[in-house]
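Structure file structure18.tsv; described as TSV, N, CA and C atoms.
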```tsv
chain	number	residue	atom	x	y	z
A	9	MET	N	131.96	-15.31	56.11
A	9	MET	CA	133.12	-14.46	56.07
A	9	MET	C	133.45	-13.92	57.47
A	10	MET	N	132.43	-13.55	58.22
A	10	MET	CA	132.67	-13.04	59.56
A	10	MET	C	133.27	-14.12	60.46
A	11	PHE	N	132.79	-15.35	60.29
A	11	PHE	CA	133.34	-16.45	61.09
A	11	PHE	C	134.82	-16.63	60.78
A	12	GLY	N	135.18	-16.55	59.51
A	12	GLY	CA	136.58	-16.69	59.12
A	12	GLY	C	137.45	-15.60	59.73
A	13	TYR	N	136.95	-14.39	59.76
A	13	TYR	CA	137.69	-13.29	60.37
A	13	TYR	C	137.90	-13.56	61.86
A	14	HIS	N	136.83	-13.99	62.53
A	14	HIS	CA	136.93	-14.28	63.95
A	14	HIS	C	137.90	-15.43	64.21
A	15	LEU	N	137.84	-16.45	63.39
A	15	LEU	CA	138.75	-17.58	63.53
A	15	LEU	C	140.20	-17.14	63.34
A	16	ALA	N	140.45	-16.29	62.36
A	16	ALA	CA	141.81	-15.79	62.13
A	16	ALA	C	142.32	-15.00	63.33
A	17	LEU	N	141.46	-14.21	63.96
A	17	LEU	CA	141.86	-13.49	65.16
A	17	LEU	C	142.32	-14.46	66.24
A	18	GLN	N	141.56	-15.53	66.43
A	18	GLN	CA	141.91	-16.52	67.45
A	18	GLN	C	143.20	-17.26	67.10
A	19	VAL	N	143.31	-17.72	65.88
A	19	VAL	CA	144.48	-18.50	65.45
A	19	VAL	C	145.77	-17.70	65.61
A	20	HIS	N	145.69	-16.41	65.31
A	20	HIS	CA	146.89	-15.58	65.35
A	20	HIS	C	147.06	-14.84	66.69
A	21	GLY	N	146.20	-15.16	67.65
A	21	GLY	CA	146.32	-14.58	68.98
A	21	GLY	C	146.11	-13.07	69.02
A	22	VAL	N	145.29	-12.56	68.13
A	22	VAL	CA	145.01	-11.12	68.09
A	22	VAL	C	143.94	-10.80	69.12
A	23	ASP	N	144.27	-9.89	70.02
A	23	ASP	CA	143.33	-9.50	71.07
A	23	ASP	C	142.50	-8.32	70.56
A	24	GLU	N	141.42	-8.65	69.86
A	24	GLU	CA	140.54	-7.63	69.28
A	24	GLU	C	139.10	-8.01	69.59
A	25	ALA	N	138.34	-7.06	70.07
A	25	ALA	CA	136.92	-7.32	70.34
A	25	ALA	C	136.22	-7.69	69.04
A	26	PHE	N	135.41	-8.74	69.09
A	26	PHE	CA	134.67	-9.17	67.91
A	26	PHE	C	133.19	-9.10	68.24
A	27	GLU	N	132.51	-8.13	67.69
A	27	GLU	CA	131.11	-7.84	68.03
A	27	GLU	C	130.09	-8.60	67.20
A	28	PHE	N	130.54	-9.44	66.27
A	28	PHE	CA	129.61	-10.03	65.31
A	28	PHE	C	129.37	-11.52	65.47
A	29	HIS	N	129.48	-12.04	66.70
A	29	HIS	CA	129.08	-13.43	66.93
A	29	HIS	C	127.62	-13.55	66.51
A	30	ARG	N	127.28	-14.66	65.87
A	30	ARG	CA	125.95	-14.79	65.26
A	30	ARG	C	124.79	-14.57	66.23
A	31	GLY	N	124.86	-15.11	67.42
A	31	GLY	CA	123.72	-15.00	68.32
A	31	GLY	C	123.98	-14.27	69.62
A	32	SER	N	125.26	-14.05	69.94
A	32	SER	CA	125.53	-13.52	71.27
A	32	SER	C	126.48	-12.33	71.31
A	33	GLY	N	126.94	-11.86	70.18
A	33	GLY	CA	127.84	-10.71	70.17
A	33	GLY	C	127.10	-9.41	70.43
A	34	GLY	N	127.85	-8.35	70.56
A	34	GLY	CA	127.26	-7.05	70.82
A	34	GLY	C	126.26	-6.61	69.75
A	35	PHE	N	126.58	-6.88	68.49
A	35	PHE	CA	125.68	-6.51	67.40
A	35	PHE	C	124.36	-7.27	67.50
A	36	ALA	N	124.44	-8.58	67.76
A	36	ALA	CA	123.22	-9.39	67.89
A	36	ALA	C	122.40	-8.94	69.09
A	37	SER	N	123.07	-8.67	70.20
A	37	SER	CA	122.35	-8.21	71.40
A	37	SER	C	121.66	-6.88	71.15
A	38	TRP	N	122.36	-5.98	70.46
A	38	TRP	CA	121.79	-4.68	70.13
A	38	TRP	C	120.57	-4.82	69.23
A	39	LEU	N	120.68	-5.67	68.18
A	39	LEU	CA	119.53	-5.89	67.28
A	39	LEU	C	118.34	-6.47	68.05
A	40	SER	N	118.60	-7.43	68.91
A	40	SER	CA	117.52	-8.04	69.68
A	40	SER	C	116.85	-7.01	70.58
A	41	ARG	N	117.66	-6.20	71.24
A	41	ARG	CA	117.14	-5.20	72.18
A	41	ARG	C	116.41	-4.06	71.46
A	42	THR	N	116.98	-3.56	70.37
A	42	THR	CA	116.39	-2.39	69.71
A	42	THR	C	115.31	-2.72	68.70
A	43	ARG	N	115.36	-3.92	68.12
A	43	ARG	CA	114.39	-4.30	67.10
A	43	ARG	C	113.41	-5.36	67.58
A	44	GLY	N	113.74	-6.02	68.69
A	44	GLY	CA	112.87	-7.10	69.18
A	44	GLY	C	113.00	-8.38	68.36
A	45	TRP	N	114.10	-8.51	67.63
A	45	TRP	CA	114.30	-9.67	66.76
A	45	TRP	C	114.88	-10.84	67.55
A	46	SER	N	114.45	-12.03	67.19
A	46	SER	CA	115.05	-13.24	67.75
A	46	SER	C	116.42	-13.46	67.12
A	47	MET	N	117.35	-13.89	67.93
A	47	MET	CA	118.69	-14.20	67.43
A	47	MET	C	118.93	-15.71	67.42
A	48	ALA	N	117.84	-16.48	67.47
A	48	ALA	CA	117.95	-17.95	67.52
A	48	ALA	C	118.72	-18.51	66.33
A	49	THR	N	118.58	-17.89	65.17
A	49	THR	CA	119.31	-18.37	63.98
A	49	THR	C	120.39	-17.40	63.56
A	50	GLY	N	120.70	-16.42	64.40
A	50	GLY	CA	121.77	-15.47	64.14
A	50	GLY	C	121.28	-14.16	63.57
A	51	TRP	N	122.12	-13.15	63.72
A	51	TRP	CA	121.75	-11.82	63.24
A	51	TRP	C	121.63	-11.78	61.72
A	52	ASP	N	122.42	-12.61	61.03
A	52	ASP	CA	122.37	-12.61	59.57
A	52	ASP	C	121.01	-13.06	59.06
A	53	ALA	N	120.46	-14.11	59.67
A	53	ALA	CA	119.13	-14.59	59.28
A	53	ALA	C	118.07	-13.56	59.65
A	54	ALA	N	118.23	-12.92	60.81
A	54	ALA	CA	117.26	-11.91	61.24
A	54	ALA	C	117.21	-10.74	60.27
A	55	VAL	N	118.36	-10.30	59.79
A	55	VAL	CA	118.39	-9.18	58.84
A	55	VAL	C	117.65	-9.56	57.56
A	56	MET	N	117.89	-10.77	57.08
A	56	MET	CA	117.23	-11.19	55.83
A	56	MET	C	115.73	-11.40	56.02
A	57	GLU	N	115.32	-11.94	57.18
A	57	GLU	CA	113.91	-12.26	57.41
A	57	GLU	C	113.08	-11.05	57.82
A	58	ASP	N	113.67	-10.16	58.60
A	58	ASP	CA	112.89	-9.07	59.18
A	58	ASP	C	112.93	-7.77	58.39
A	59	LEU	N	113.71	-7.73	57.32
A	59	LEU	CA	113.75	-6.56	56.44
A	59	LEU	C	113.61	-7.01	54.99
A	60	PRO	N	112.46	-7.61	54.64
A	60	PRO	CA	112.32	-8.21	53.31
A	60	PRO	C	112.35	-7.22	52.16
A	61	GLY	N	112.06	-5.96	52.39
A	61	GLY	CA	112.03	-4.99	51.30
A	61	GLY	C	113.36	-4.33	51.02
A	62	GLU	N	114.38	-4.69	51.77
A	62	GLU	CA	115.69	-4.05	51.63
A	62	GLU	C	116.73	-5.11	51.28
A	63	PRO	N	117.59	-4.85	50.31
A	63	PRO	CA	118.64	-5.83	50.01
A	63	PRO	C	119.46	-6.13	51.27
A	64	PRO	N	119.72	-7.40	51.56
A	64	PRO	CA	120.39	-7.77	52.81
A	64	PRO	C	121.72	-7.07	53.07
A	65	LEU	N	122.56	-6.91	52.06
A	65	LEU	CA	123.84	-6.22	52.29
A	65	LEU	C	123.65	-4.75	52.61
A	66	ASP	N	122.71	-4.11	51.94
A	66	ASP	CA	122.41	-2.71	52.25
A	66	ASP	C	121.91	-2.60	53.69
A	67	ALA	N	121.01	-3.50	54.08
A	67	ALA	CA	120.47	-3.49	55.44
A	67	ALA	C	121.57	-3.72	56.46
A	68	PHE	N	122.45	-4.69	56.18
A	68	PHE	CA	123.54	-5.00	57.11
A	68	PHE	C	124.41	-3.77	57.35
A	69	PHE	N	124.88	-3.13	56.28
A	69	PHE	CA	125.78	-2.00	56.46
A	69	PHE	C	125.08	-0.80	57.09
A	70	ARG	N	123.80	-0.60	56.80
A	70	ARG	CA	123.04	0.47	57.46
A	70	ARG	C	122.95	0.19	58.96
A	71	LEU	N	122.63	-1.07	59.31
A	71	LEU	CA	122.52	-1.43	60.72
A	71	LEU	C	123.87	-1.37	61.43
A	72	VAL	N	124.93	-1.77	60.76
A	72	VAL	CA	126.27	-1.66	61.36
A	72	VAL	C	126.59	-0.20	61.66
A	73	ASP	N	126.27	0.70	60.74
A	73	ASP	CA	126.50	2.12	60.99
A	73	ASP	C	125.70	2.60	62.20
A	74	GLU	N	124.44	2.17	62.32
A	74	GLU	CA	123.62	2.53	63.48
A	74	GLU	C	124.21	1.97	64.76
A	75	TYR	N	124.67	0.72	64.69
A	75	TYR	CA	125.26	0.07	65.87
A	75	TYR	C	126.54	0.80	66.29
A	76	ARG	N	127.37	1.14	65.34
A	76	ARG	CA	128.61	1.85	65.66
A	76	ARG	C	128.33	3.21	66.28
A	77	GLU	N	127.30	3.88	65.79
A	77	GLU	CA	126.92	5.16	66.38
A	77	GLU	C	126.48	4.95	67.82
A	78	PHE	N	125.69	3.92	68.05
A	78	PHE	CA	125.23	3.58	69.40
A	78	PHE	C	126.42	3.24	70.31
A	79	ALA	N	127.36	2.47	69.78
A	79	ALA	CA	128.49	1.99	70.58
A	79	ALA	C	129.63	3.01	70.66
A	80	GLY	N	129.49	4.13	69.95
A	80	GLY	CA	130.52	5.15	69.97
A	80	GLY	C	131.75	4.81	69.17
A	81	GLN	N	131.59	3.98	68.13
A	81	GLN	CA	132.71	3.60	67.26
A	81	GLN	C	132.62	4.39	65.97
A	82	PRO	N	133.76	4.62	65.33
A	82	PRO	CA	133.72	5.33	64.04
A	82	PRO	C	133.00	4.51	62.97
A	83	SER	N	132.28	5.18	62.09
A	83	SER	CA	131.57	4.51	60.99
A	83	SER	C	132.56	4.08	59.93
A	84	SER	N	132.09	3.13	59.07
A	84	SER	CA	132.95	2.66	57.98
A	84	SER	C	132.97	3.64	56.84
```
Before anything else, please render the file you have as structure tokens.
Amino acid sequence: MMFGYHLALQVHGVDEAFEFHRGSGGFASWLSRTRGWSMATGWDAAVMEDLPGEPPLDAFFRLVDEYREFAGQPSS
């Protein structure tokens, strides 16, 4: 779904920062730096593999909120 959103931004020429590239976006870099996680298979795989006791969607949105706080962006 994130890839589709990013593709739509490109296709329609929307100049919007996209922080969720699988291995190299701001979110992935932040996870790697703050958690020590490898981004070799993307942040989505890292969330599922490195937080086995938490439902992946819950973990994702919790981490996005933490990332937005770090980056100074409003929470969802």
Going by DSSP on the backbone, which residues of chain A come out as helix (DSSP H, G or I)? List them as a PyMOL selection string. chain A and resi 10-19+34-43+51-58+64-79
For Leu71 (chain A), which residue out of A:His29, A:Asp23, A:Glu57, A:Phe35 is the nearest one, using only C-alpha atoms? A:Phe35
Quick one: pull the distance between CA of Phe78 (chain A) and atom C of His20 (chain A), Å, one decimal. 28.7 Å
Quick check, in Å to one decimal: how far apart do CA of Phe11 (chain A) and CA of Val55 (chain A) lie? 16.8 Å
Any idea what's packed within 12 Å of Glu74 (chain A), counting only C-alpha atoms, ignoring anything in its chain fewer than 4 positions away? Could you give it as a PyMOL selection string? chain A and resi 35+38-39+42+67-70+78-84
Prev. selection, N, CA and C atoms, output as a PDB file, in the frame of the given file:
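Saved result, part-v2.pdb, follows:
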```pdb
ATOM      1  N   PHE A  35     126.580  -6.880  68.490  1.00  0.00           N
ATOM      2  CA  PHE A  35     125.680  -6.510  67.400  1.00  0.00           C
ATOM      3  C   PHE A  35     124.360  -7.270  67.500  1.00  0.00           C
ATOM      4  N   TRP A  38     122.360  -5.980  70.460  1.00  0.00           N
ATOM      5  CA  TRP A  38     121.790  -4.680  70.130  1.00  0.00           C
ATOM      6  C   TRP A  38     120.570  -4.820  69.230  1.00  0.00           C
ATOM      7  N   LEU A  39     120.680  -5.670  68.180  1.00  0.00           N
ATOM      8  CA  LEU A  39     119.530  -5.890  67.280  1.00  0.00           C
ATOM      9  C   LEU A  39     118.340  -6.470  68.050  1.00  0.00           C
ATOM     10  N   THR A  42     116.980  -3.560  70.370  1.00  0.00           N
ATOM     11  CA  THR A  42     116.390  -2.390  69.710  1.00  0.00           C
ATOM     12  C   THR A  42     115.310  -2.720  68.700  1.00  0.00           C
ATOM     13  N   ALA A  67     121.010  -3.500  54.080  1.00  0.00           N
ATOM     14  CA  ALA A  67     120.470  -3.490  55.440  1.00  0.00           C
ATOM     15  C   ALA A  67     121.570  -3.720  56.460  1.00  0.00           C
ATOM     16  N   PHE A  68     122.450  -4.690  56.180  1.00  0.00           N
ATOM     17  CA  PHE A  68     123.540  -5.000  57.110  1.00  0.00           C
ATOM     18  C   PHE A  68     124.410  -3.770  57.350  1.00  0.00           C
ATOM     19  N   PHE A  69     124.880  -3.130  56.280  1.00  0.00           N
ATOM     20  CA  PHE A  69     125.780  -2.000  56.460  1.00  0.00           C
ATOM     21  C   PHE A  69     125.080  -0.800  57.090  1.00  0.00           C
ATOM     22  N   ARG A  70     123.800  -0.600  56.800  1.00  0.00           N
ATOM     23  CA  ARG A  70     123.040   0.470  57.460  1.00  0.00           C
ATOM     24  C   ARG A  70     122.950   0.190  58.960  1.00  0.00           C
ATOM     25  N   PHE A  78     125.690   3.920  68.050  1.00  0.00           N
ATOM     26  CA  PHE A  78     125.230   3.580  69.400  1.00  0.00           C
ATOM     27  C   PHE A  78     126.420   3.240  70.310  1.00  0.00           C
ATOM     28  N   ALA A  79     127.360   2.470  69.780  1.00  0.00           N
ATOM     29  CA  ALA A  79     128.490   1.990  70.580  1.00  0.00           C
ATOM     30  C   ALA A  79     129.630   3.010  70.660  1.00  0.00           C
ATOM     31  N   GLY A  80     129.490   4.130  69.950  1.00  0.00           N
ATOM     32  CA  GLY A  80     130.520   5.150  69.970  1.00  0.00           C
ATOM     33  C   GLY A  80     131.750   4.810  69.170  1.00  0.00           C
ATOM     34  N   GLN A  81     131.590   3.980  68.130  1.00  0.00           N
ATOM     35  CA  GLN A  81     132.710   3.600  67.260  1.00  0.00           C
ATOM     36  C   GLN A  81     132.620   4.390  65.970  1.00  0.00           C
ATOM     37  N   PRO A  82     133.760   4.620  65.330  1.00  0.00           N
ATOM     38  CA  PRO A  82     133.720   5.330  64.040  1.00  0.00           C
ATOM     39  C   PRO A  82     133.000   4.510  62.970  1.00  0.00           C
ATOM     40  N   SER A  83     132.280   5.180  62.090  1.00  0.00           N
ATOM     41  CA  SER A  83     131.570   4.510  60.990  1.00  0.00           C
ATOM     42  C   SER A  83     132.560   4.080  59.930  1.00  0.00           C
ATOM     43  N   SER A  84     132.090   3.130  59.070  1.00  0.00           N
ATOM     44  CA  SER A  84     132.950   2.660  57.980  1.00  0.00           C
ATOM     45  C   SER A  84     132.970   3.640  56.840  1.00  0.00           C
TER      46      SER A  84
END
```
Among the residues A:Gly61, A:Gly12, A:Gly21, A:Gly50, the one that comes closest to Ala36 (chain A) [using only C-alpha atoms]: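 Distance minimum relative to Ala36 (chain A) lands on A:Gly50.
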So how many Å separate CA of Arg41 (chain A) and CA of His14 (chain A), to one decimal?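 Separating CA of Arg41 (chain A) from CA of His14 (chain A) is a distance of 23.3 Å.
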Determine, counting all atoms listed in the file, which protein, DNA and RNA residues have an atom within 7 Å of an atom of region 51-54 of chain A; residues of the same chain fewer than 2 positions away are not included. Present the result as a PyMOL selection string. chain A and resi 29-31+35-36+45-49+56-59
